[in-house]
Amino acid sequence: MTLPGSPFVAYRGPDLFIEDARAADLVARYGSPLYVYSKQAMLAALAPYHQALQGRPHLVCYAVKANSNLAVLQTFAQAGCGFDIVSGGELARVLAAGGQANKIVFSGVGKTRAEMRLAMEAGVRCFNVESTAELDVLSEVAQACGQRARVSLRVNPDVDAGTHPYISTGLKGNKFGIAHELAVSTYKRAASLPGLDVVGIDCHIGSQITDVLPYLDALDRVLDLVEAIEREGVTIHHLDLGGGLGITYTDETPPRANELIGLLLARIDARGHGHREVLFEPGRSLVGNAGVLLTEVQFLKPGEQKNFCVVDAAMNDLMRPALYEAYMGIVNTTLRPGSETVWDVVGPVCESGDWLGRDRQLNVQAGDILAVLSAGAYGMTMASNYNTRGRAAELMIDGSTVHLIRERESISSLFALEKLIG
Ligand code: LLP
């Protein structure tokens, strides 16, 4: 059976392997539920970005929110990446993992003064600013630090990325970015503030985008702005085209990163902007297909209307199905001969929204280990402790080497910060 996604997550005979590690063996040793990532799959996903950008000034800033485990950040730092962060917490993680501050871009609509100060002191490369109010505050904070903050304005190109409404960000009705019509005047204001240096322009139109057209439309809108802004005497050095490239969860056919970037660069060159440095902020496309969530089947509960396959992972471990009705592939890590039945794969949490997959054809028995595929992005980073469930352990596989990169949370740690009253 061939699986969608990464060749590093594949069957050998009846058994699912992540690189050279057999999934069922990993659960026997490290328990369930368990996040497992392939280091080679991450590097293989990064390669086409670097390949397409070779020979021109560029920086690939991995979007930390997709998967922020220190070992994942370390992998990308060692591969030459910068980072896109959205909080002081993510800044601290990147630095702890060996990332360089001067390769960090700091995004997000609601940076606090304290976060701005931390980022200034660390020496981040650029703040992606999303409002006039933020510009004013950042200028003040920079002056108080005796520095100038390098800024890029996140502009909202008002294009429809054709993705789920919760993860679409480039439309007028979204909270993100500075409206296209206001961009030139906002740039003039930024250039006039004493604590700021304008260095770039930025846009990000959404996530899990599977088509090149929205990217090309957004790029054209951004380049129109760059020309208008420079006519006003403000120089733009870099173009940050955000992240958002989709992956294959089931039958999606997103463009390959090098194909997408090739088209974008051709348009940039054709419009006479080829001298500018280009930045990207990919998250999902670097880590999504590199990870699986392994989970043990607890009980089978066949019913009149529905058959439920109750597993020990839940919405607290992997929120995407509950939150976006996202489809994630689910397979048995040891294929059984015989016929399949249709199951809803559900967790133990007390909510009807606690499902991982609906109407899935599986040949499964209690005690089997299932793999939720393409769970490397927005899996563990969105996990919670709902129902006082400790978060899963995480492994990074590199060939036949297994690294435990996060221990399973102990129950006592879950309420260690709480206090009884009197
Ligand atoms: N840059 C900015 C400013 C972003 O807001 C995001 C993602 C990225 C880069 C990375 O986008 P990516 O390449 O990963 O698509 N939790 C949702 C996805 C939320 C994405 C938020 N922003 C999900 O599970 O589908």
# chains A, B, ... in the order shown; residues from 1 in each chain; ligands from 1

call {"tool": "residues_around", "arguments": {"residues": "Gly88 in chain A", "least_positions_apart": "2", "cutoff": "10 Å", "atoms": "only C-alpha atoms", "output": "list in words"}}
result
Ile85, Val86, Glu90, Leu91, Ala92, Arg93, Val94, Phe106, Lys111, Thr112, Ala114, Glu115, Met116, Arg117, Leu118 and Ala119 of chain A

call {"tool": "write_last_selection", "arguments": {"atoms": "C-alpha atoms", "output": "PDB file, in the first residue's frame"}}
result
ATOM      1  CA  ILE A  85       8.122  33.681  15.088  1.00  0.00           C
ATOM      2  CA  VAL A  86       4.922  35.059  16.620  1.00  0.00           C
ATOM      3  CA  GLU A  90       8.922  31.176  20.121  1.00  0.00           C
ATOM      4  CA  LEU A  91      11.875  33.582  20.187  1.00  0.00           C
ATOM      5  CA  ALA A  92      13.249  31.852  23.287  1.00  0.00           C
ATOM      6  CA  ARG A  93      12.808  28.429  21.676  1.00  0.00           C
ATOM      7  CA  VAL A  94      14.640  29.419  18.505  1.00  0.00           C
ATOM      8  CA  PHE A 106       8.791  38.511  14.095  1.00  0.00           C
ATOM      9  CA  LYS A 111       3.071  41.783  19.914  1.00  0.00           C
ATOM     10  CA  THR A 112       3.369  43.115  23.450  1.00  0.00           C
ATOM     11  CA  ALA A 114       7.718  43.201  26.481  1.00  0.00           C
ATOM     12  CA  GLU A 115       7.993  40.905  23.465  1.00  0.00           C
ATOM     13  CA  MET A 116       9.171  43.781  21.275  1.00  0.00           C
ATOM     14  CA  ARG A 117      11.855  44.621  23.814  1.00  0.00           C
ATOM     15  CA  LEU A 118      13.064  41.015  24.063  1.00  0.00           C
ATOM     16  CA  ALA A 119      13.254  40.769  20.294  1.00  0.00           C
TER      17      ALA A 119
END

call {"tool": "residues_around", "arguments": {"residues": "Gly244 in chain A", "least_positions_apart": "2", "cutoff": "9 Å", "atoms": "only C-alpha atoms", "output": "list in words"}}
result
His204, Ile205, Gly206, Ser207, Gln208, Ile209, Thr210, Gly242, Gly246, Glu281, Pro282, Gly283, Arg284 and Ser285 of chain A

call {"tool": "write_last_selection", "arguments": {"atoms": "N, CA and C atoms", "output": "PDB file, in the first residue's frame"}}
result
ATOM      1  N   HIS A 204       1.101  37.408   3.679  1.00  0.00           N
ATOM      2  CA  HIS A 204       0.842  35.979   3.926  1.00  0.00           C
ATOM      3  C   HIS A 204      -0.657  35.811   3.752  1.00  0.00           C
ATOM      4  N   ILE A 205      -1.065  35.006   2.780  1.00  0.00           N
ATOM      5  CA  ILE A 205      -2.490  35.035   2.420  1.00  0.00           C
ATOM      6  C   ILE A 205      -3.291  33.870   2.970  1.00  0.00           C
ATOM      7  N   GLY A 206      -2.631  32.926   3.624  1.00  0.00           N
ATOM      8  CA  GLY A 206      -3.393  31.812   4.190  1.00  0.00           C
ATOM      9  C   GLY A 206      -2.535  30.566   4.236  1.00  0.00           C
ATOM     10  N   SER A 207      -3.170  29.470   4.580  1.00  0.00           N
ATOM     11  CA  SER A 207      -2.438  28.235   4.807  1.00  0.00           C
ATOM     12  C   SER A 207      -3.120  27.097   4.054  1.00  0.00           C
ATOM     13  N   GLN A 208      -2.362  26.035   3.797  1.00  0.00           N
ATOM     14  CA  GLN A 208      -2.881  24.876   3.042  1.00  0.00           C
ATOM     15  C   GLN A 208      -3.421  25.334   1.682  1.00  0.00           C
ATOM     16  N   ILE A 209      -2.627  26.164   1.009  1.00  0.00           N
ATOM     17  CA  ILE A 209      -2.984  26.654  -0.324  1.00  0.00           C
ATOM     18  C   ILE A 209      -2.479  25.638  -1.349  1.00  0.00           C
ATOM     19  N   THR A 210      -3.339  25.245  -2.261  1.00  0.00           N
ATOM     20  CA  THR A 210      -2.970  24.166  -3.180  1.00  0.00           C
ATOM     21  C   THR A 210      -2.906  24.636  -4.639  1.00  0.00           C
ATOM     22  N   GLY A 242       5.668  35.210   2.640  1.00  0.00           N
ATOM     23  CA  GLY A 242       4.906  34.429   3.608  1.00  0.00           C
ATOM     24  C   GLY A 242       5.065  32.934   3.426  1.00  0.00           C
ATOM     25  N   GLY A 246       0.434  24.316   0.608  1.00  0.00           N
ATOM     26  CA  GLY A 246      -0.279  23.152   1.143  1.00  0.00           C
ATOM     27  C   GLY A 246       0.493  21.854   0.953  1.00  0.00           C
ATOM     28  N   GLU A 281       8.165  32.089   4.414  1.00  0.00           N
ATOM     29  CA  GLU A 281       7.889  31.662   5.801  1.00  0.00           C
ATOM     30  C   GLU A 281       7.119  30.346   5.817  1.00  0.00           C
ATOM     31  N   PRO A 282       7.666  29.290   5.234  1.00  0.00           N
ATOM     32  CA  PRO A 282       6.894  28.042   5.193  1.00  0.00           C
ATOM     33  C   PRO A 282       6.870  27.327   6.538  1.00  0.00           C
ATOM     34  N   GLY A 283       5.723  26.755   6.868  1.00  0.00           N
ATOM     35  CA  GLY A 283       5.611  25.931   8.072  1.00  0.00           C
ATOM     36  C   GLY A 283       5.195  24.526   7.676  1.00  0.00           C
ATOM     37  N   ARG A 284       3.898  24.400   7.393  1.00  0.00           N
ATOM     38  CA  ARG A 284       3.314  23.091   7.096  1.00  0.00           C
ATOM     39  C   ARG A 284       4.079  22.309   6.019  1.00  0.00           C
ATOM     40  N   SER A 285       4.475  22.996   4.938  1.00  0.00           N
ATOM     41  CA  SER A 285       5.083  22.262   3.820  1.00  0.00           C
ATOM     42  C   SER A 285       6.457  21.702   4.185  1.00  0.00           C
TER      43      SER A 285
END

call {"tool": "select_by_dssp", "arguments": {"residues": "range 158-388 of chain A", "states": "strand (DSSP E)", "output": "ChimeraX atom specification"}}
result
/A:178-179,196-202,238-240,277-280,291-301,308-311,330-332,341-346,355-362,369-372

call {"tool": "residues_around", "arguments": {"residues": "range 69-72 of chain A", "least_positions_apart": "3", "cutoff": "7 Å", "atoms": "only C-alpha atoms", "output": "PyMOL selection string"}}
result
chain A and resi 75-76+93+97+405

call {"tool": "atom_distance", "arguments": {"atom1": "CA of Ala290 in chain A", "atom2": "CA of Ser38 in chain A"}}
result
5.2 Å

call {"tool": "select_by_dssp", "arguments": {"residues": "range 32-149 of chain A", "states": "helix (DSSP H, G or I)", "output": "number ranges by chain"}}
result
A: 39-53, 64-66, 70-78, 88-96, 101-103, 113-122, 132-144

call {"tool": "closest_residue", "arguments": {"among": "A:Ala21, A:Leu182, A:Ala10, A:Val155", "to": "His403 in chain A", "atoms": "only C-alpha atoms"}}
result
A:Ala21

call {"tool": "closest_residue", "arguments": {"among": "A:Thr248, A:Asn67, A:Asn316, A:Thr132", "to": "ligand 1", "atoms": "only C-alpha atoms and all ligand atoms"}}
result
A:Asn67
